[in-house]
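Dumped my_file-v4.cif below, it's mmCIF, C-alpha atoms and all ligand atoms:
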data_final
loop_
_atom_site.label_atom_id
_atom_site.label_comp_id
_atom_site.auth_asym_id
_atom_site.auth_seq_id
_atom_site.Cartn_x
_atom_site.Cartn_y
_atom_site.Cartn_z
CA MET A 1 0.00 0.00 0.00
CA GLY A 2 2.81 2.47 0.78
CA ASN A 3 4.81 1.62 -2.30
CA GLU A 4 2.51 2.85 -5.05
CA TYR A 5 3.80 5.61 -7.35
CA VAL A 6 1.90 7.23 -10.18
CA ILE A 7 3.75 9.22 -12.81
CA THR A 8 2.00 11.49 -15.30
CA GLY A 9 4.11 12.00 -18.41
CA GLY A 10 6.04 9.33 -20.26
CA GLY A 11 8.65 11.74 -21.63
CA PRO A 12 12.33 11.04 -20.95
CA VAL A 13 12.27 12.32 -17.36
CA GLY A 14 9.05 10.53 -16.37
CA LEU A 15 10.38 7.24 -17.77
CA TRP A 16 13.78 7.77 -16.14
CA THR A 17 12.24 8.57 -12.73
CA ALA A 18 10.14 5.38 -12.93
CA ILE A 19 13.27 3.35 -13.69
CA GLN A 20 15.13 4.90 -10.76
CA ILE A 21 12.32 4.13 -8.29
CA LYS A 22 12.00 0.55 -9.55
CA LYS A 23 15.74 -0.08 -9.38
CA ARG A 24 15.84 1.09 -5.77
CA MET A 25 12.57 -0.59 -4.78
CA PRO A 26 11.93 -3.67 -6.96
CA ASP A 27 8.49 -4.31 -5.41
CA ALA A 28 7.30 -0.72 -6.09
CA ASP A 29 3.94 -0.56 -7.84
CA ILE A 30 4.47 2.10 -10.50
CA THR A 31 2.05 3.32 -13.17
CA ILE A 32 2.95 5.78 -15.91
CA TYR A 33 0.30 7.76 -17.78
CA GLU A 34 1.22 9.09 -21.21
CA ARG A 35 -1.18 10.78 -23.58
CA TYR A 36 0.60 9.79 -26.83
CA GLN A 37 1.62 6.37 -28.13
CA ASP A 38 4.54 7.96 -29.97
CA TYR A 39 6.77 10.62 -28.50
CA LYS A 40 5.83 13.84 -30.26
CA ARG A 41 9.10 15.74 -30.09
CA ALA A 42 11.68 15.15 -32.79
CA HIS A 43 14.96 16.87 -32.05
CA VAL A 44 18.54 16.02 -31.29
CA LEU A 45 19.54 16.14 -27.64
CA LYS A 46 22.91 16.72 -26.08
CA LEU A 47 22.96 14.21 -23.27
CA GLU A 48 25.84 14.36 -20.82
CA ASN A 49 27.02 10.95 -19.56
CA ILE A 50 27.07 12.24 -15.99
CA SER A 51 23.31 12.97 -16.08
CA MET A 52 22.51 9.26 -16.13
CA LEU A 53 25.08 8.41 -13.46
CA LEU A 54 24.99 11.01 -10.69
CA TYR A 55 22.49 10.04 -7.94
CA ALA A 56 21.38 7.11 -10.15
CA LYS A 57 21.19 3.54 -8.93
CA PRO A 58 23.48 1.10 -10.76
CA ARG A 59 22.36 -2.55 -11.07
CA ARG A 60 24.92 -3.91 -13.52
CA ASP A 61 22.49 -6.44 -15.02
CA ALA A 62 21.86 -7.36 -18.66
CA VAL A 63 19.00 -4.87 -19.08
CA GLU A 64 21.09 -1.98 -17.79
CA LYS A 65 23.98 -3.07 -19.99
CA ALA A 66 21.76 -3.08 -23.08
CA PHE A 67 20.42 0.37 -22.15
CA PHE A 68 23.86 1.97 -21.76
CA ASN A 69 24.93 0.36 -25.00
CA GLU A 70 21.94 1.74 -26.86
CA VAL A 71 22.30 5.28 -25.46
CA PHE A 72 26.05 5.79 -25.06
CA GLY A 73 27.43 2.96 -27.19
CA SER A 74 29.42 1.72 -24.19
CA ASN A 75 29.02 -0.18 -20.94
CA LEU A 76 28.48 1.39 -17.51
CA ARG A 77 32.17 1.41 -16.58
CA LYS A 78 33.24 3.06 -19.83
CA THR A 79 30.32 5.52 -19.64
CA PHE A 80 31.49 6.44 -16.13
CA TRP A 81 35.10 7.10 -17.16
CA GLN A 82 33.91 9.08 -20.15
CA ALA A 83 31.67 11.10 -17.78
CA VAL A 84 34.74 11.99 -15.72
CA GLY A 85 36.18 13.49 -18.92
CA GLY A 86 32.95 15.50 -19.41
CA LYS A 87 31.73 13.42 -22.36
CA SER A 88 28.29 13.77 -23.88
CA VAL A 89 26.42 12.19 -26.79
CA PHE A 90 24.03 13.60 -29.35
CA ILE A 91 20.91 11.47 -29.54
CA ARG A 92 17.53 11.87 -31.21
CA THR A 93 14.55 12.16 -28.87
CA ASN A 94 12.91 9.10 -30.43
CA ALA A 95 16.09 7.00 -30.04
CA LEU A 96 16.30 7.99 -26.35
CA GLU A 97 12.62 7.28 -25.92
CA HIS A 98 13.02 3.85 -27.50
CA ALA A 99 15.87 2.96 -25.12
CA LEU A 100 13.94 4.21 -22.06
CA LYS A 101 10.71 2.45 -23.04
CA THR A 102 12.57 -0.82 -23.60
CA TYR A 103 14.07 -0.42 -20.12
CA VAL A 104 10.69 0.39 -18.55
CA GLU A 105 9.11 -2.66 -20.21
CA ALA A 106 11.95 -4.90 -19.03
CA LEU A 107 11.28 -3.70 -15.47
CA ASP A 108 7.55 -4.52 -15.86
CA ILE A 109 6.42 -0.93 -15.35
CA PRO A 110 3.13 -0.42 -17.19
CA ILE A 111 2.52 2.62 -19.40
CA ASN A 112 -1.14 3.54 -19.73
CA TYR A 113 -1.79 5.56 -22.83
CA ALA A 114 -4.32 8.05 -21.53
CA ARG A 115 -4.51 11.77 -20.97
CA ILE A 116 -4.77 12.84 -17.35
CA ASN A 117 -6.98 15.84 -16.88
CA SER A 118 -6.77 16.60 -13.19
CA PRO A 119 -5.29 15.52 -9.86
CA LYS A 120 -8.81 14.41 -8.87
CA GLU A 121 -8.91 11.94 -11.76
CA LEU A 122 -5.61 10.40 -10.64
CA ILE A 123 -6.74 10.16 -7.02
CA SER A 124 -9.96 8.40 -8.04
CA LYS A 125 -8.01 5.95 -10.23
CA HIS A 126 -5.46 5.30 -7.47
CA PRO A 127 -7.22 5.83 -4.12
CA ASN A 128 -4.40 4.19 -2.13
CA CYS A 129 -1.54 6.04 -3.74
CA GLN A 130 0.32 8.58 -1.61
CA HIS A 131 2.92 9.72 -4.14
CA PHE A 132 2.03 11.36 -7.44
CA ILE A 133 4.74 12.61 -9.78
CA ALA A 134 4.09 15.25 -12.42
CA ALA A 135 6.48 14.76 -15.34
CA ASP A 136 4.08 16.31 -17.83
CA GLY A 137 6.46 18.82 -19.37
CA ALA A 138 6.97 22.58 -19.47
CA HIS A 139 3.24 23.38 -19.65
CA SER A 140 2.40 20.98 -16.83
CA ALA A 141 -1.34 20.97 -16.21
CA LEU A 142 -0.85 19.16 -12.89
CA ARG A 143 1.56 21.85 -11.68
CA GLN A 144 -1.02 24.48 -12.44
CA ALA A 145 -3.84 22.51 -10.81
CA ILE A 146 -1.87 21.92 -7.62
CA MET A 147 0.19 25.08 -7.30
CA GLY A 148 -1.88 27.67 -9.14
CA ASP A 149 -1.41 30.00 -12.12
CA ASP A 150 1.66 31.76 -10.76
CA ALA A 151 3.49 28.54 -9.87
CA VAL A 152 6.48 29.43 -12.06
CA LYS A 153 9.13 32.16 -12.02
CA ASN A 154 10.50 33.09 -15.47
CA PHE A 155 13.82 34.74 -16.39
CA PRO A 156 14.15 35.43 -20.20
CA LEU A 157 17.74 35.38 -21.50
CA GLN A 158 17.76 35.36 -25.32
CA TYR A 159 15.55 35.53 -28.42
CA VAL A 160 16.17 32.70 -30.85
CA VAL A 161 15.17 31.57 -34.31
CA GLU A 162 15.69 27.92 -35.08
CA ILE A 163 15.89 26.40 -38.54
CA LYS A 164 15.70 22.63 -38.67
CA TYR A 165 16.09 20.71 -41.88
CA GLU A 166 17.27 17.44 -43.31
CA ALA A 167 20.33 17.26 -45.54
CA GLN A 168 20.36 14.66 -48.27
CA VAL A 169 22.72 11.79 -47.52
CA GLN A 170 25.57 12.68 -45.17
CA THR A 171 26.82 16.09 -44.18
CA ARG A 172 29.31 17.36 -41.64
CA PRO A 173 29.71 20.27 -39.23
CA LEU A 174 31.76 23.26 -40.36
CA SER A 175 35.11 23.67 -38.65
CA THR A 176 35.16 26.09 -35.70
CA THR A 177 37.16 28.59 -37.79
CA ASP A 178 34.66 28.41 -40.66
CA GLN A 179 31.75 28.90 -38.25
CA TYR A 180 33.50 31.96 -36.83
CA LYS A 181 34.24 33.40 -40.29
CA THR A 182 30.60 32.84 -41.30
CA ASN A 183 29.34 34.57 -38.19
CA LYS A 184 31.30 37.65 -39.21
CA LEU A 185 29.17 37.93 -42.35
CA MET A 186 25.92 37.97 -40.45
CA SER A 187 23.85 40.44 -38.42
CA SER A 188 22.97 37.77 -35.82
CA MET A 189 25.29 35.10 -34.50
CA ALA A 190 24.45 31.51 -35.35
CA PHE A 191 25.33 28.05 -34.08
CA GLU A 192 24.89 24.78 -35.92
CA TYR A 193 24.10 21.26 -34.74
CA VAL A 194 24.55 18.35 -37.10
CA GLY A 195 23.06 14.98 -36.15
CA LYS A 196 23.88 11.48 -37.39
CA GLU A 197 22.84 10.21 -40.80
CA LYS A 198 19.87 7.85 -40.75
CA ASN A 199 18.07 6.37 -43.77
CA GLY A 200 20.00 8.63 -46.14
CA GLN A 201 19.21 11.89 -44.29
CA THR A 202 21.09 13.98 -41.75
CA PRO A 203 19.25 16.37 -39.39
CA VAL A 204 20.73 19.87 -39.17
CA SER A 205 19.67 22.68 -36.83
CA LEU A 206 20.78 26.30 -37.00
CA ARG A 207 20.14 28.57 -34.06
CA LEU A 208 20.28 32.30 -34.62
CA PHE A 209 20.39 34.65 -31.64
CA ILE A 210 18.37 37.60 -32.84
CA ASP A 211 17.56 40.96 -31.25
CA GLU A 212 14.20 41.71 -29.68
CA ALA A 213 13.06 43.89 -32.61
CA THR A 214 13.64 41.09 -35.17
CA TYR A 215 11.94 38.64 -32.83
CA ASN A 216 8.87 40.85 -32.55
CA ALA A 217 8.81 41.48 -36.34
CA LEU A 218 8.65 37.74 -36.99
CA PRO A 219 5.15 36.19 -37.03
CA GLU A 220 4.34 33.41 -34.58
CA ALA A 221 6.28 30.29 -35.60
CA SER A 222 6.51 27.07 -33.64
CA PHE A 223 7.53 23.48 -34.38
CA LYS A 224 3.87 22.63 -34.84
CA ALA A 225 3.20 25.63 -37.10
CA PRO A 226 6.61 26.52 -38.57
CA LEU A 227 7.56 29.01 -41.28
CA ARG A 228 9.32 28.04 -44.51
CA LEU A 229 12.40 29.59 -46.06
CA ASP A 230 10.37 31.24 -48.82
CA ASP A 231 7.94 32.92 -46.40
CA THR A 232 7.75 36.58 -47.35
CA ARG A 233 7.11 37.58 -43.73
CA LEU A 234 10.70 36.74 -42.70
CA PRO A 235 12.49 40.02 -41.85
CA GLU A 236 15.12 40.79 -44.49
CA ASN A 237 18.13 40.73 -42.16
CA LEU A 238 17.04 37.31 -40.90
CA ARG A 239 16.43 35.96 -44.40
CA ASN A 240 19.92 37.11 -45.47
CA ASP A 241 21.55 35.58 -42.41
CA ILE A 242 19.87 32.20 -42.96
CA ALA A 243 20.78 32.20 -46.66
CA THR A 244 24.40 33.11 -45.80
CA TYR A 245 24.84 30.31 -43.29
CA MET A 246 23.17 27.70 -45.49
CA GLY A 247 25.19 29.00 -48.46
CA VAL A 248 28.43 28.38 -46.57
CA ARG A 249 27.27 24.92 -45.54
CA ALA A 250 26.33 24.09 -49.15
CA ALA A 251 29.69 25.31 -50.49
CA GLU A 252 32.01 24.03 -47.74
CA ALA A 253 30.28 20.86 -46.50
CA GLY A 254 28.76 19.98 -49.89
CA GLU A 255 25.37 19.95 -48.23
CA ILE A 256 22.18 19.46 -50.24
CA LEU A 257 18.94 20.54 -48.59
CA LEU A 258 16.11 18.01 -48.73
CA PRO A 259 13.41 20.13 -50.41
CA GLN A 260 10.56 21.25 -48.13
CA SER A 261 12.19 19.69 -45.06
CA GLU A 262 12.95 23.01 -43.37
CA LYS A 263 11.01 24.26 -40.37
CA ILE A 264 11.58 27.71 -38.90
CA SER A 265 10.39 28.51 -35.41
CA LYS A 266 11.02 31.22 -32.86
CA LEU A 267 11.47 30.89 -29.14
CA THR A 268 12.66 32.74 -26.07
CA LEU A 269 15.43 31.11 -24.11
CA SER A 270 14.42 31.48 -20.51
CA LEU A 271 15.31 30.09 -17.19
CA TYR A 272 12.28 29.07 -15.21
CA ARG A 273 11.59 27.22 -12.01
CA ALA A 274 8.53 26.24 -10.07
CA LYS A 275 8.23 28.17 -6.84
CA LYS A 276 7.73 24.83 -5.05
CA PHE A 277 8.81 21.42 -6.34
CA ALA A 278 6.70 19.29 -4.02
CA ALA A 279 3.50 19.93 -2.08
CA SER A 280 0.73 18.16 -0.24
CA HIS A 281 -2.67 18.16 -1.95
CA GLU A 282 -5.75 16.19 -0.89
CA ASN A 283 -3.63 14.36 1.70
CA CYS A 284 -1.25 13.05 -0.97
CA ASN A 285 2.28 14.05 -1.95
CA TRP A 286 2.81 15.67 -5.36
CA TYR A 287 6.25 16.11 -6.87
CA LEU A 288 7.35 17.96 -10.02
CA VAL A 289 10.23 16.63 -12.15
CA GLY A 290 11.82 17.47 -15.49
CA ASP A 291 10.46 20.38 -17.50
CA ALA A 292 7.44 20.51 -15.18
CA ALA A 293 9.83 21.54 -12.37
CA MET A 294 12.36 23.77 -14.11
CA GLY A 295 13.81 24.68 -17.48
CA VAL A 296 17.38 25.60 -18.26
CA PRO A 297 18.53 26.72 -21.71
CA TYR A 298 21.75 25.83 -23.50
CA PHE A 299 21.11 22.10 -23.72
CA ARG A 300 20.81 21.50 -20.01
CA SER A 301 17.09 20.97 -19.39
CA LEU A 302 16.95 17.25 -20.00
CA ASN A 303 20.21 16.79 -18.12
CA ALA A 304 18.92 18.79 -15.14
CA GLY A 305 15.64 16.84 -15.32
CA LEU A 306 17.38 13.46 -15.22
CA LEU A 307 19.47 14.51 -12.24
CA ILE A 308 16.47 15.60 -10.18
CA GLY A 309 14.54 12.51 -11.32
CA SER A 310 17.32 10.34 -9.86
CA GLN A 311 17.29 12.37 -6.63
CA LEU A 312 13.53 12.00 -6.37
CA GLY A 313 13.91 8.22 -6.87
CA TYR A 314 16.30 8.15 -3.94
CA ILE A 315 14.14 10.28 -1.61
CA LEU A 316 10.93 8.38 -2.38
CA THR A 317 12.45 5.01 -1.57
CA GLN A 318 13.80 5.98 1.87
CA ASP A 319 11.64 4.00 4.32
CA ASN A 320 12.78 6.05 7.30
CA LEU A 321 11.27 9.29 5.93
CA SER A 322 7.64 10.23 6.62
CA ASN A 323 5.53 11.56 3.72
CA ASN A 324 6.00 15.08 5.02
CA ALA A 325 9.74 14.61 5.33
CA LYS A 326 9.86 13.43 1.70
CA ILE A 327 8.25 16.69 0.55
CA ASN A 328 10.62 18.71 2.71
CA ALA A 329 13.68 16.75 1.58
CA TYR A 330 12.79 17.15 -2.10
CA ASN A 331 12.14 20.89 -1.71
CA ALA A 332 15.29 21.30 0.39
CA CYS A 333 17.53 19.83 -2.35
CA ARG A 334 16.21 22.17 -5.02
CA PRO A 335 17.83 25.55 -4.16
CA LEU A 336 21.23 23.94 -4.68
CA ASP A 337 20.31 22.56 -8.13
CA VAL A 338 18.55 25.75 -9.10
CA ALA A 339 21.54 27.86 -8.01
CA TRP A 340 23.94 25.56 -9.86
CA GLU A 341 21.91 25.42 -13.07
CA PHE A 342 21.01 29.13 -13.04
CA THR A 343 24.60 30.22 -12.37
CA ALA A 344 25.92 27.93 -15.12
CA ALA A 345 23.25 29.20 -17.58
CA SER A 346 23.93 32.85 -16.69
CA MET A 347 27.66 32.34 -17.19
CA LYS A 348 27.06 30.66 -20.56
CA ASN A 349 24.79 33.55 -21.47
CA ALA A 350 27.45 36.09 -20.52
CA ALA A 351 30.04 34.18 -22.57
CA LEU A 352 27.64 34.13 -25.51
CA CYS A 353 27.07 37.90 -25.29
CA GLY A 354 30.87 38.35 -25.08
CA TYR A 355 31.36 36.24 -28.22
CA ASP A 356 28.68 38.25 -30.01
CA GLN A 357 30.42 41.53 -29.15
CA PHE A 358 33.81 40.16 -30.20
CA ARG A 359 32.37 38.88 -33.50
CA LYS A 360 30.80 42.26 -34.26
CA ILE A 361 33.92 44.29 -33.35
CA SER A 362 36.36 41.98 -35.15
CA SER A 363 34.27 41.95 -38.34
CA ALA A 364 34.37 45.76 -38.38
CA VAL A 365 38.09 46.36 -37.84
CA PRO A 366 40.21 46.92 -40.99
CA TRP A 367 42.96 44.47 -40.01
CA GLU A 368 40.70 41.40 -39.59
CA PHE A 369 42.31 38.43 -41.31
CA VAL A 370 40.28 35.39 -40.18
CA LYS A 371 37.57 35.91 -42.78
CA TRP A 372 36.08 34.56 -45.99
CA ASP A 373 37.59 36.26 -49.02
CA LYS A 374 35.48 38.02 -51.65
CA LYS A 375 35.58 35.04 -54.05
CA ASP A 376 34.21 32.69 -51.36
CA GLN A 377 31.51 35.17 -50.45
CA LYS A 378 30.36 35.29 -54.09
CA THR A 379 30.04 31.47 -54.10
CA PHE A 380 27.93 31.53 -50.92
CA LYS A 381 25.60 34.12 -52.41
CA LYS A 382 24.73 31.71 -55.23
CA PHE A 383 22.91 29.52 -52.70
CA GLN A 384 19.19 29.31 -53.41
CA PRO A 385 17.13 27.81 -50.59
C1 LIG B 401 14.63 21.91 -29.88
C2 LIG B 401 14.98 21.44 -28.51
C3 LIG B 401 16.27 21.00 -28.29
C4 LIG B 401 16.62 20.56 -27.03
N1 LIG B 401 17.90 20.13 -26.83
C5 LIG B 401 18.26 19.72 -25.61
C6 LIG B 401 19.58 19.24 -25.39
O1 LIG B 401 20.40 19.20 -26.30
N2 LIG B 401 19.93 18.84 -24.13
C7 LIG B 401 19.02 18.90 -23.09
O2 LIG B 401 19.39 18.57 -21.96
N3 LIG B 401 17.74 19.31 -23.28
C8 LIG B 401 17.34 19.71 -24.51
N4 LIG B 401 16.07 20.12 -24.72
C9 LIG B 401 15.10 20.04 -23.62
C10 LIG B 401 14.56 18.61 -23.49
O3 LIG B 401 13.93 18.19 -24.68
C11 LIG B 401 13.54 18.60 -22.36
O4 LIG B 401 14.18 19.06 -21.19
C12 LIG B 401 13.03 17.20 -22.09
O5 LIG B 401 12.29 16.71 -23.19
C13 LIG B 401 12.14 17.25 -20.86
O6 LIG B 401 11.66 15.98 -20.59
P1 LIG B 401 10.35 15.80 -19.72
O7 LIG B 401 10.14 14.32 -19.66
O8 LIG B 401 10.47 16.56 -18.46
O9 LIG B 401 9.19 16.53 -20.52
P2 LIG B 401 8.60 16.22 -22.01
O10 LIG B 401 9.65 15.71 -22.92
O11 LIG B 401 7.86 17.45 -22.40
O12 LIG B 401 7.58 15.06 -21.72
C14 LIG B 401 6.36 15.27 -21.08
C15 LIG B 401 5.46 14.11 -21.44
O13 LIG B 401 4.25 14.24 -20.71
C16 LIG B 401 3.17 13.93 -21.56
N5 LIG B 401 1.99 14.61 -21.04
C17 LIG B 401 1.84 15.94 -20.91
N6 LIG B 401 0.64 16.21 -20.36
C18 LIG B 401 0.03 15.02 -20.14
C19 LIG B 401 -1.23 14.65 -19.59
N7 LIG B 401 -2.10 15.56 -19.18
N8 LIG B 401 -1.54 13.34 -19.51
C20 LIG B 401 -0.65 12.38 -19.94
N9 LIG B 401 0.56 12.69 -20.47
C21 LIG B 401 0.90 13.99 -20.56
C22 LIG B 401 3.61 14.44 -22.93
O14 LIG B 401 2.93 13.81 -23.99
C23 LIG B 401 5.10 14.10 -22.92
O15 LIG B 401 5.37 12.83 -23.47
C24 LIG B 401 15.68 20.56 -25.96
C25 LIG B 401 14.36 21.00 -26.20
C26 LIG B 401 14.01 21.43 -27.46
C27 LIG B 401 12.60 21.89 -27.70
#
Can the structure in the file be given as structure tokens, please?
Ligand SMILES: Cc1cc2nc3c(=O)[nH]c(=O)nc-3n(C[C@H](O)[C@H](O)[C@H](O)COP(=O)(O)OP(=O)(O)OC[C@H]3O[C@@H](n4cnc5c(N)ncnc54)[C@H](O)[C@@H]3O)c2cc1C
Amino acid sequence: MGNEYVITGGGPVGLWTAIQIKKRMPDADITIYERYQDYKRAHVLKLENISMLLYAKPRRDAVEKAFFNEVFGSNLRKTFWQAVGGKSVFIRTNALEHALKTYVEALDIPINYARINSPKELISKHPNCQHFIAADGAHSALRQAIMGDDAVKNFPLQYVVEIKYEAQVQTRPLSTTDQYKTNKLMSSMAFEYVGKEKNGQTPVSLRLFIDEATYNALPEASFKAPLRLDDTRLPENLRNDIATYMGVRAAEAGEILLPQSEKISKLTLSLYRAKKFAASHENCNWYLVGDAAMGVPYFRSLNAGLLIGSQLGYILTQDNLSNNAKINAYNACRPLDVAWEFTAASMKNAALCGYDQFRKISSAVPWEFVKWDKKDQKTFKKFQP
């Protein structure tokens, strides 16, 4: 009766938290609710090895071995030593989801494909459960139902436009020097992320850090309702920047765009955190994990989510803690994580702003020499999206 756990949200952090509880408490009765059969997000994640090791419970069995192999391409020991060296992998969301779901199935944790509409619904489905976990993502409905409309504090850092597309066959990242030289040709700085080839296509993402005026001039554009490269509503400076970067990639990496594969969206990079991460509601404990609890830009959110999911797994399986103490312990750990993640994100943001200033100043000085010459620039301009 005291070992029932109900998790809403079968995204990476919900699945991971379920695994952590089950590994620490093999007789735990865990149910996951997920509204979609197939994971809806399709992007490439930077997953740091350490995120699946710190606070996590090792079991060293065949299932764990297969999981580490699928995600990191190495066993637990090798993954650990690579983590010490700060290693990370790039993995597609659906590949990570596949590995986590296989793990969850092997541990006999059921996933119910149903949408949860309220805490009340969960309580009526699980009248004996004392511990409910909300892993239902950034727009968590459970968080709002339990903690109210102003449950989250937001700290915007940057305005971003993201262009995702598929390149035909294989492509490669530009060298760091070529990326720097390209950035000098543009009004906004850009970063590129090149995934692994699969079925004759390679996913590429470009992130442009634009100013607030360009952001506001751009119409609403999300992954679900993206803009295309030929959309006339794209501000001219943005259109030129995108064409320049893709032109360099076409000329230098021999990249060929898969027609109509591009999706342009805009977003604000913000730090956010729930004001409380655990609370009592209707005599039950409710915990927030993953994006439902906090969001950190610069490729940290999933990593931060996994770390707090592992911590929650540890706290929930401590028999000597009362239900109240579990809430207090979970809330008490958070300021440290929040401070760590927020400081790291703010420092990265400061470094990014520094790079932007340096790029702008160095492209304006007459003695700049790390640059594309005029002939190269003419070739890039021939690029037609
Ligand atoms: C373009 C992009 C790139 C990113 N890159 C990185 C990166 O490189 N590194 C990194 O660390 N992070 C990255 N992130 C962030 C990362 O994707 C998220 O932090 C991560 O997906 C959060 O996992 P989650 O399980 O908390 O939430 P989600 O992935 O949002 O999962 C929540 C799940 O809950 C389900 N759900 C929601 N409501 C209900 C309901 N009412 N009933 C039932 N089910 C429900 C949803 O269907 C979903 O499956 C990136 C994000 C984006 C958008």
Practice prompt. Go ahead and find all residues with at least one atom no further than 12 Å from (-8.1, 12.4, -11.6) in the file's coordinates, using only C-alpha atoms; report them as an MDAnalysis selection string.
Written response: chainID A and resid 6 8 33 114:127 132 141:142 145 282
Within 7 Å of ligand LIG 401 (chain B), counting all atoms listed in the file: which residues, as an mmCIF file with C-alpha atoms, in the frame of the given file?
data_model
loop_
_atom_site.group_PDB
_atom_site.id
_atom_site.type_symbol
_atom_site.label_atom_id
_atom_site.label_comp_id
_atom_site.auth_asym_id
_atom_site.auth_seq_id
_atom_site.Cartn_x
_atom_site.Cartn_y
_atom_site.Cartn_z
ATOM 1 C CA THR A 8 2.000 11.490 -15.300
ATOM 2 C CA GLY A 9 4.110 12.000 -18.410
ATOM 3 C CA GLY A 10 6.040 9.330 -20.260
ATOM 4 C CA GLY A 11 8.650 11.740 -21.630
ATOM 5 C CA PRO A 12 12.330 11.040 -20.950
ATOM 6 C CA VAL A 13 12.270 12.320 -17.360
ATOM 7 C CA GLY A 14 9.050 10.530 -16.370
ATOM 8 C CA TYR A 33 0.300 7.760 -17.780
ATOM 9 C CA GLU A 34 1.220 9.090 -21.210
ATOM 10 C CA ARG A 35 -1.180 10.780 -23.580
ATOM 11 C CA TYR A 36 0.600 9.790 -26.830
ATOM 12 C CA TYR A 39 6.770 10.620 -28.500
ATOM 13 C CA LYS A 40 5.830 13.840 -30.260
ATOM 14 C CA HIS A 43 14.960 16.870 -32.050
ATOM 15 C CA VAL A 44 18.540 16.020 -31.290
ATOM 16 C CA LEU A 45 19.540 16.140 -27.640
ATOM 17 C CA LYS A 46 22.910 16.720 -26.080
ATOM 18 C CA LEU A 47 22.960 14.210 -23.270
ATOM 19 C CA ALA A 114 -4.320 8.050 -21.530
ATOM 20 C CA ARG A 115 -4.510 11.770 -20.970
ATOM 21 C CA ILE A 116 -4.770 12.840 -17.350
ATOM 22 C CA ASN A 117 -6.980 15.840 -16.880
ATOM 23 C CA ALA A 135 6.480 14.760 -15.340
ATOM 24 C CA ASP A 136 4.080 16.310 -17.830
ATOM 25 C CA GLY A 137 6.460 18.820 -19.370
ATOM 26 C CA ALA A 138 6.970 22.580 -19.470
ATOM 27 C CA SER A 140 2.400 20.980 -16.830
ATOM 28 C CA ALA A 141 -1.340 20.970 -16.210
ATOM 29 C CA VAL A 289 10.230 16.630 -12.150
ATOM 30 C CA GLY A 290 11.820 17.470 -15.490
ATOM 31 C CA ASP A 291 10.460 20.380 -17.500
ATOM 32 C CA ALA A 292 7.440 20.510 -15.180
ATOM 33 C CA GLY A 295 13.810 24.680 -17.480
ATOM 34 C CA PHE A 299 21.110 22.100 -23.720
ATOM 35 C CA ARG A 300 20.810 21.500 -20.010
ATOM 36 C CA SER A 301 17.090 20.970 -19.390
ATOM 37 C CA LEU A 302 16.950 17.250 -20.000
ATOM 38 C CA ASN A 303 20.210 16.790 -18.120
ATOM 39 C CA ALA A 304 18.920 18.790 -15.140
ATOM 40 C CA GLY A 305 15.640 16.840 -15.320
#
Discussion item. Residues within 12 Å of (24.5, 1.9, -23.6), file coordinates, counting all atoms listed in the file: what are they? Give the list as a PyMOL selection string.
Written reply: chain A and resi 49+52+60+62-80+89+91+95-96+99-100+103
Can I get the selection written as a PDB file, in the coordinates of the input, with C-alpha atoms?
ATOM      1  CA  ASN A  49      27.020  10.950 -19.560  1.00  0.00           C
ATOM      2  CA  MET A  52      22.510   9.260 -16.130  1.00  0.00           C
ATOM      3  CA  ARG A  60      24.920  -3.910 -13.520  1.00  0.00           C
ATOM      4  CA  ALA A  62      21.860  -7.360 -18.660  1.00  0.00           C
ATOM      5  CA  VAL A  63      19.000  -4.870 -19.080  1.00  0.00           C
ATOM      6  CA  GLU A  64      21.090  -1.980 -17.790  1.00  0.00           C
ATOM      7  CA  LYS A  65      23.980  -3.070 -19.990  1.00  0.00           C
ATOM      8  CA  ALA A  66      21.760  -3.080 -23.080  1.00  0.00           C
ATOM      9  CA  PHE A  67      20.420   0.370 -22.150  1.00  0.00           C
ATOM     10  CA  PHE A  68      23.860   1.970 -21.760  1.00  0.00           C
ATOM     11  CA  ASN A  69      24.930   0.360 -25.000  1.00  0.00           C
ATOM     12  CA  GLU A  70      21.940   1.740 -26.860  1.00  0.00           C
ATOM     13  CA  VAL A  71      22.300   5.280 -25.460  1.00  0.00           C
ATOM     14  CA  PHE A  72      26.050   5.790 -25.060  1.00  0.00           C
ATOM     15  CA  GLY A  73      27.430   2.960 -27.190  1.00  0.00           C
ATOM     16  CA  SER A  74      29.420   1.720 -24.190  1.00  0.00           C
ATOM     17  CA  ASN A  75      29.020  -0.180 -20.940  1.00  0.00           C
ATOM     18  CA  LEU A  76      28.480   1.390 -17.510  1.00  0.00           C
ATOM     19  CA  ARG A  77      32.170   1.410 -16.580  1.00  0.00           C
ATOM     20  CA  LYS A  78      33.240   3.060 -19.830  1.00  0.00           C
ATOM     21  CA  THR A  79      30.320   5.520 -19.640  1.00  0.00           C
ATOM     22  CA  PHE A  80      31.490   6.440 -16.130  1.00  0.00           C
ATOM     23  CA  VAL A  89      26.420  12.190 -26.790  1.00  0.00           C
ATOM     24  CA  ILE A  91      20.910  11.470 -29.540  1.00  0.00           C
ATOM     25  CA  ALA A  95      16.090   7.000 -30.040  1.00  0.00           C
ATOM     26  CA  LEU A  96      16.300   7.990 -26.350  1.00  0.00           C
ATOM     27  CA  ALA A  99      15.870   2.960 -25.120  1.00  0.00           C
ATOM     28  CA  LEU A 100      13.940   4.210 -22.060  1.00  0.00           C
ATOM     29  CA  TYR A 103      14.070  -0.420 -20.120  1.00  0.00           C
TER      30      TYR A 103
END
Fill in: Residue neighbourhood stretch 236-239 of chain A, 12 Å, all atoms listed in the file, exclusion window fewer than 5 positions, as JSON, numbers by chain
{"A": [160, 161, 162, 163, 185, 186, 187, 188, 189, 190, 207, 208, 209, 210, 211, 213, 214, 215, 217, 218, 227, 228, 229, 230, 231, 244, 245, 246, 247, 264, 266, 384, 385]}
